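Peer 1: Dropping in protein-v2.pdb, which is PDB, C-alpha atoms, pLDDT in the B column:
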```pdb
ATOM      1  CA  LEU A   1      -6.471 -22.113  11.882  1.00 50.00           C
ATOM      2  CA  CYS A   2      -4.219 -23.437  14.596  1.00 61.00           C
ATOM      3  CA  ILE A   3      -2.083 -21.127  16.711  1.00 63.00           C
ATOM      4  CA  ARG A   4       1.127 -22.236  14.987  1.00 66.00           C
ATOM      5  CA  ASP A   5      -0.289 -21.389  11.519  1.00 70.00           C
ATOM      6  CA  ARG A   6      -1.575 -18.020  12.753  1.00 68.00           C
ATOM      7  CA  ALA A   7       1.816 -17.153  14.294  1.00 70.00           C
ATOM      8  CA  GLY A   8       3.542 -18.142  11.051  1.00 73.00           C
ATOM      9  CA  THR A   9       1.195 -15.912   9.042  1.00 72.00           C
ATOM     10  CA  LEU A  10       1.826 -12.952  11.347  1.00 71.00           C
ATOM     11  CA  LEU A  11       5.575 -13.522  11.228  1.00 75.00           C
ATOM     12  CA  THR A  12       5.519 -13.678   7.434  1.00 75.00           C
ATOM     13  CA  ALA A  13       3.525 -10.426   7.295  1.00 70.00           C
ATOM     14  CA  ALA A  14       5.953  -8.740   9.688  1.00 70.00           C
ATOM     15  CA  VAL A  15       9.009  -9.803   7.689  1.00 72.00           C
ATOM     16  CA  ARG A  16       7.329  -8.669   4.480  1.00 68.00           C
ATOM     17  CA  ALA A  17       6.526  -5.281   6.020  1.00 65.00           C
ATOM     18  CA  ILE A  18      10.100  -4.785   7.251  1.00 67.00           C
ATOM     19  CA  ARG A  19      11.563  -5.637   3.864  1.00 65.00           C
ATOM     20  CA  ALA A  20       9.068  -3.358   2.117  1.00 60.00           C
ATOM     21  CA  GLY A  21       9.986  -0.532   4.485  1.00 57.00           C
ATOM     22  CA  ASP A  22      13.669  -0.862   3.671  1.00 61.00           C
ATOM     23  CA  HIS A  23      12.862  -0.857  -0.030  1.00 57.00           C
ATOM     24  CA  ALA A  24      10.348   1.991   0.133  1.00 52.00           C
ATOM     25  CA  ALA A  25      12.776   4.302   1.911  1.00 54.00           C
ATOM     26  CA  THR A  26      14.861   4.680  -1.250  1.00 57.00           C
ATOM     27  CA  ALA A  27      12.791   3.348  -4.167  1.00 57.00           C
ATOM     28  CA  PRO A  28      11.615   5.695  -6.920  1.00 56.00           C
ATOM     29  CA  LEU A  29       8.125   5.330  -8.361  1.00 52.00           C
ATOM     30  CA  ARG A  30       7.643   3.036 -11.340  1.00 53.00           C
ATOM     31  CA  LYS A  31       7.131   5.089 -14.452  1.00 48.00           C
ATOM     32  CA  PRO A  32       4.104   4.000 -16.504  1.00 45.00           C
ATOM     33  CA  ASP A  33       4.473   3.457 -20.269  1.00 42.00           C
ATOM     34  CA  SER A  34       2.522   6.620 -21.021  1.00 39.00           C
ATOM     35  CA  PRO A  35       2.484   8.773 -17.882  1.00 39.00           C
ATOM     36  CA  PRO A  36      -0.533  10.975 -17.241  1.00 39.00           C
ATOM     37  CA  ALA A  37       0.064  14.695 -16.795  1.00 38.00           C
ATOM     38  CA  SER A  38      -0.146  14.275 -13.013  1.00 40.00           C
ATOM     39  CA  ALA A  39       2.812  11.876 -13.017  1.00 40.00           C
ATOM     40  CA  THR A  40       5.117  14.509 -14.483  1.00 40.00           C
ATOM     41  CA  ASN A  41       4.492  16.978 -11.643  1.00 48.00           C
ATOM     42  CA  GLY A  42       5.005  14.453  -8.809  1.00 56.00           C
ATOM     43  CA  THR A  43       1.376  13.872  -7.872  1.00 61.00           C
ATOM     44  CA  LEU A  44      -0.299  10.499  -7.750  1.00 64.00           C
ATOM     45  CA  PRO A  45      -2.182   9.347 -10.805  1.00 63.00           C
ATOM     46  CA  ARG A  46      -5.911   8.929 -10.353  1.00 75.00           C
ATOM     47  CA  GLY A  47      -7.443   5.606 -11.186  1.00 77.00           C
ATOM     48  CA  THR A  48     -10.713   3.783 -10.971  1.00 84.00           C
ATOM     49  CA  ALA A  49     -11.784   1.937  -7.852  1.00 86.00           C
ATOM     50  CA  ALA A  50     -11.336  -1.317  -9.781  1.00 89.00           C
ATOM     51  CA  ASP A  51      -7.726  -0.394 -10.666  1.00 89.00           C
ATOM     52  CA  THR A  52      -6.978   0.520  -7.047  1.00 91.00           C
ATOM     53  CA  LEU A  53      -8.457  -2.761  -5.806  1.00 92.00           C
ATOM     54  CA  ALA A  54      -6.557  -4.828  -8.375  1.00 93.00           C
ATOM     55  CA  THR A  55      -3.267  -3.097  -7.553  1.00 93.00           C
ATOM     56  CA  MET A  56      -3.811  -3.626  -3.816  1.00 94.00           C
ATOM     57  CA  GLN A  57      -4.654  -7.311  -4.250  1.00 95.00           C
ATOM     58  CA  SER A  58      -1.605  -7.810  -6.463  1.00 94.00           C
ATOM     59  CA  ALA A  59       0.620  -6.129  -3.861  1.00 95.00           C
ATOM     60  CA  VAL A  60      -0.715  -8.445  -1.131  1.00 95.00           C
ATOM     61  CA  LEU A  61       0.307 -11.465  -3.211  1.00 95.00           C
ATOM     62  CA  SER A  62       3.696 -10.096  -4.297  1.00 93.00           C
ATOM     63  CA  GLY A  63       4.686  -8.385  -1.053  1.00 91.00           C
ATOM     64  CA  GLU A  64       5.338  -5.112  -2.879  1.00 91.00           C
ATOM     65  CA  ALA A  65       5.015  -1.694  -1.243  1.00 91.00           C
ATOM     66  CA  LEU A  66       2.782   0.962  -2.819  1.00 92.00           C
ATOM     67  CA  TRP A  67       2.593   4.745  -2.798  1.00 90.00           C
ATOM     68  CA  ILE A  68      -0.977   5.931  -2.112  1.00 91.00           C
ATOM     69  CA  GLY A  69      -2.901   9.149  -1.861  1.00 89.00           C
ATOM     70  CA  TYR A  70      -5.376   9.111   1.020  1.00 90.00           C
ATOM     71  CA  VAL A  71      -8.091  11.440   2.308  1.00 91.00           C
ATOM     72  CA  ASN A  72      -9.097  10.986   5.955  1.00 91.00           C
ATOM     73  CA  ALA A  73     -12.563  11.502   7.469  1.00 92.00           C
ATOM     74  CA  ASP A  74     -11.800  15.203   8.052  1.00 93.00           C
ATOM     75  CA  GLY A  75     -10.894  15.700   4.381  1.00 91.00           C
ATOM     76  CA  ALA A  76      -7.144  16.065   4.974  1.00 90.00           C
ATOM     77  CA  ALA A  77      -5.128  14.592   2.102  1.00 87.00           C
ATOM     78  CA  SER A  78      -1.827  12.780   2.594  1.00 86.00           C
ATOM     79  CA  GLN A  79       0.532  10.534   0.694  1.00 88.00           C
ATOM     80  CA  ARG A  80       1.823   7.343   2.232  1.00 90.00           C
ATOM     81  CA  VAL A  81       3.962   4.316   1.443  1.00 91.00           C
ATOM     82  CA  ILE A  82       2.218   1.121   2.521  1.00 94.00           C
ATOM     83  CA  ALA A  83       2.825  -2.615   2.319  1.00 94.00           C
ATOM     84  CA  PRO A  84      -0.640  -4.200   1.954  1.00 96.00           C
ATOM     85  CA  ILE A  85      -1.212  -7.287   4.116  1.00 96.00           C
ATOM     86  CA  LYS A  86      -4.857  -8.059   3.299  1.00 96.00           C
ATOM     87  CA  VAL A  87      -7.769  -6.618   1.346  1.00 96.00           C
ATOM     88  CA  GLU A  88     -11.305  -7.506   2.375  1.00 95.00           C
ATOM     89  CA  GLY A  89     -14.688  -5.953   3.052  1.00 93.00           C
ATOM     90  CA  GLY A  90     -13.800  -2.651   1.394  1.00 93.00           C
ATOM     91  CA  PHE A  91     -10.689  -2.122   3.546  1.00 96.00           C
ATOM     92  CA  VAL A  92      -6.955  -2.635   3.121  1.00 97.00           C
ATOM     93  CA  THR A  93      -4.847  -3.565   6.122  1.00 97.00           C
ATOM     94  CA  ALA A  94      -1.242  -2.553   5.559  1.00 96.00           C
ATOM     95  CA  TYR A  95       2.006  -1.674   7.214  1.00 94.00           C
ATOM     96  CA  ASP A  96       2.167   2.116   6.883  1.00 92.00           C
ATOM     97  CA  HIS A  97       5.781   3.230   6.530  1.00 87.00           C
ATOM     98  CA  THR A  98       4.815   6.854   7.177  1.00 79.00           C
ATOM     99  CA  ALA A  99       3.246   6.048  10.566  1.00 83.00           C
ATOM    100  CA  ASP A 100       5.539   3.042  11.250  1.00 85.00           C
ATOM    101  CA  GLU A 101       2.580   0.830  12.213  1.00 93.00           C
ATOM    102  CA  VAL A 102      -0.095  -1.458  10.795  1.00 95.00           C
ATOM    103  CA  ARG A 103      -3.250   0.450   9.867  1.00 96.00           C
ATOM    104  CA  THR A 104      -6.544  -0.252   8.130  1.00 96.00           C
ATOM    105  CA  TYR A 105      -7.754   2.100   5.389  1.00 96.00           C
ATOM    106  CA  PRO A 106     -11.164   2.239   3.677  1.00 96.00           C
ATOM    107  CA  LEU A 107     -10.532   1.668  -0.029  1.00 94.00           C
ATOM    108  CA  HIS A 108     -12.958   4.442  -1.003  1.00 93.00           C
ATOM    109  CA  ARG A 109     -10.686   7.004   0.683  1.00 94.00           C
ATOM    110  CA  ILE A 110      -7.644   6.052  -1.421  1.00 93.00           C
ATOM    111  CA  THR A 111      -7.382   8.645  -4.203  1.00 90.00           C
ATOM    112  CA  GLY A 112      -4.580   7.082  -6.190  1.00 89.00           C
ATOM    113  CA  VAL A 113      -2.023   4.308  -6.092  1.00 92.00           C
ATOM    114  CA  ALA A 114       1.371   3.787  -7.734  1.00 89.00           C
ATOM    115  CA  GLU A 115       3.812   0.913  -7.595  1.00 86.00           C
ATOM    116  CA  LEU A 116       7.364   1.538  -6.436  1.00 80.00           C
ATOM    117  CA  ASP A 117      10.148   0.963  -8.944  1.00 70.00           C
ATOM    118  CA  ASP A 118      12.160  -2.242  -8.565  1.00 59.00           C
ATOM    119  CA  ALA A 119      15.446  -0.430  -9.196  1.00 47.00           C
TER     120      ALA A 119
END
```
Could you write out this file's structure as structure tokens?
Peer 2:
Amino acid sequence: LCIRDRAGTLLTAAVRAIRAGDHAATAPLRKPDSPPASATNGTLPRGTAADTLATMQSAVLSGEALWIGYVNADGAASQRVIAPIKVEGGFVTAYDHTADEVRTYPLHRITGVAELDDA
């Protein structure tokens, strides 16, 4: 990859993250066709690792922001809005709107994922 291509890729990721941040600040969660009980009380739905991976990969391609549940190495749970940039090797690199920076998260620590509503 030449330097010009790499700079273009980084610029595209930065623009995507900024736009996702603007959208995520006000966007409600997308309501599934048949919401699980957890969706009605405001908690993240739980899904399989395969579902989480597929949703992350789709968000990388579409530039969409996601709402995730995450448990850190100390066992502290949090909820975050992220804009995934890449998924590889069991990790997702994403712009984290909560922390206002790019971070890398192990996929196995993500407890749930939900798409943000387009409205």
Peer 1: Provide the atom CA of A:Asp100 to atom CA of A:Asp51 distance in Å, to one decimal place.
Peer 2: 25.8 Å
Peer 1: Expressed in Å to a single decimal, how great is the separation between atom CA of A:Ala13 and atom CA of A:Arg80?
Peer 2: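 Straight-line distance from atom CA of A:Ala13 to atom CA of A:Arg80 works out to 18.6 Å.
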Peer 1: Work out how far apart atom CA of A:Phe91 and atom CA of A:Gly8 are and give it in Å to one decimal.
Peer 2: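 Distance between the two atoms: 22.7 Å.
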Peer 1: Go through A:Thr12, A:Ser62, A:Gln57, A:Gln79 and flag the residue nearest A:Arg109, using all atoms listed in the file for the distances.
Peer 2: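 For A:Arg109, the nearest of the candidates is A:Gln79.
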Peer 1: Quick one: residues within 8 Å of (-5.6, -1.3, 3.8) (file frame), counting all atoms listed in the file, please, as a PyMOL selection string.
Peer 2: chain A and resi 84-87+91-94+103-107
Peer 1: Could you pull the residues within 12 Å of A:Ala76, counting only C-alpha atoms, minus those fewer than 5 positions along the same chain, as a count of residues only?
Peer 2: 6
Peer 1: Write out as JSON an axis-aligned box for stretch 53-59 of chain A: all of its atoms listed in the file, 8 Å added on each side, centre and edge lengths in Å with one decimal.
Peer 2:
```
{"center_x": -3.9, "center_y": -5.3, "center_z": -6.1, "size_x": 25.1, "size_y": 21.0, "size_z": 20.6}
```
